[in-house]
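J.: Structure incoming, see below.
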Amino acid sequence: MSLCFDIRRRSHNNSKVYVQTTWNTWPKTRALLEKLTSEELLEAAEQARQYRPITNPVVRELLKAITRVGATSAGSNEKKSHMLVELKSSVVYHGCPIIFVTLNPGDLYSPISLYYAGEKIDPKHFFPQWYTASYRLKTMLRNPLAVVEYFHTLVNTIIEAVFKKGIFGDLRHYYGTIEYQGRGTPHIHMTV
């Protein structure tokens with residue numbers, strides 16, 4: 001799953017870099033790249049590592065081009081920064097969120113996730129003791145798309161059945177970000 005994500009992200013970045021190099025601004029970018037020395041790049045990297053502003057104007061100009069590529073790349077710092085701006089804008093437009101929710105579906109303990117993974121079970125008459133934790137883990141790892149599908153279905157059901165149906169009042173806006181931790185289990189942070 002991680003390999004597929006990395007390959008897809010690399011393909012996405014390559015297409016964006018290709019677009020960047022075909023723009024009429026490429027000669028300027030190329031000239032900036034040729035002007036820099038390895039010492040200047042190392043100095044800028046050290047400044048960034050120490051969270052100090054980068055003083056070299058050529059490096060700052062190049063970072064703008066890199067940010068344009070990375071702003072649409074899943075998992076990149078630029079994408080996270082872009083999402084933070086979106087979240088701040090939604091607060092300005094819709095007002096402060098009332099609820100902050102973190103959903104972390106327990107795919108290892110759910111009979112539905114085993115069902116998604118192709119296990120022949122009866123979800124209405126499920127006894128967890130019939131399936132050891134190691135067996136459930138192996139089943140989920142053999143079919144990681146089942147975990148993703150289970151997560152997607154569960155989160156969409158919660159959004160539709162709980163938030164949009166008005167259990168907490170009228171839903172004006174929600175914003176969610178998905179993260180992966182540990183062995184790849186996704187969870188979502190939402191502001192409602």
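Chain identifiers are assigned as A, B, and so on, following the order in which chains appear in the structure tokens; residues are numbered from 1 within each chain, and ligands are numbered from 1 in order of appearance.
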Extract, using only C-alpha atoms, all DNA, RNA and protein residues at most 9 Å from Gly118 in chain A, discarding same-chain residues fewer than 3 positions from it, and format them as an NGL selection string.
T.: :A and (113-115 or 121 or 139 or 143 or 146)
J.: Can you list, as a list in words, every protein, DNA or RNA residue that comes within 12 Å of Pro128 in chain A when you count only C-alpha atoms, leaving out same-chain residues fewer than 3 positions away?
T.: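 The filter keeps Leu108, Tyr109, Ser110, Pro111, Ile112, Leu114, Ile121, Asp122, Pro123, Lys124, His125, Tyr131, Thr132, Ala133, Ser134, Tyr135 and Arg136 of chain A.
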J.: Give the strand (DSSP E) residues of range 55-160 of chain A, as assigned by DSSP on the backbone, as a PyMOL selection string.
T.: chain A and resi 100-103
J.: Using only C-alpha atoms, which of A:Ser81, A:Val92, A:Thr29, A:Ala45 sits nearest Leu62 in chain A?
T.: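 Of all the options, A:Thr29 lies closest to Leu62 in chain A.
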J.: Which one of A:Tyr150, A:Tyr116, A:Phe127, A:Tyr51 sits closest to Asn104 in chain A if you count only C-alpha atoms?
T.: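 Among A:Tyr150, A:Tyr116, A:Phe127, A:Tyr51, it is A:Tyr150 that comes nearest to Asn104 in chain A.
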J.: What lies within 12 Å of His94 in chain A using only C-alpha atoms, ignoring chain neighbours under 6 positions off, as a PyMOL selection string?
T.: chain A and resi 86-88+171-175+191-192
J.: If you keep C-alpha atoms, can you produce a file of those selected residues as a PDB file, in the first residue's frame?
T.:
ATOM      1  CA  GLU A  86      -7.839  26.222   3.657  1.00  0.00           C
ATOM      2  CA  LEU A  87      -8.790  25.431   7.249  1.00  0.00           C
ATOM      3  CA  LYS A  88      -7.999  28.972   8.408  1.00  0.00           C
ATOM      4  CA  LEU A 171     -24.101  21.289   9.754  1.00  0.00           C
ATOM      5  CA  ARG A 172     -22.713  24.420   8.112  1.00  0.00           C
ATOM      6  CA  HIS A 173     -19.295  23.099   7.194  1.00  0.00           C
ATOM      7  CA  TYR A 174     -16.814  20.348   7.945  1.00  0.00           C
ATOM      8  CA  TYR A 175     -13.170  19.865   7.068  1.00  0.00           C
ATOM      9  CA  THR A 191     -13.601  20.157  12.504  1.00  0.00           C
ATOM     10  CA  VAL A 192     -17.361  20.552  12.420  1.00  0.00           C
TER      11      VAL A 192
END
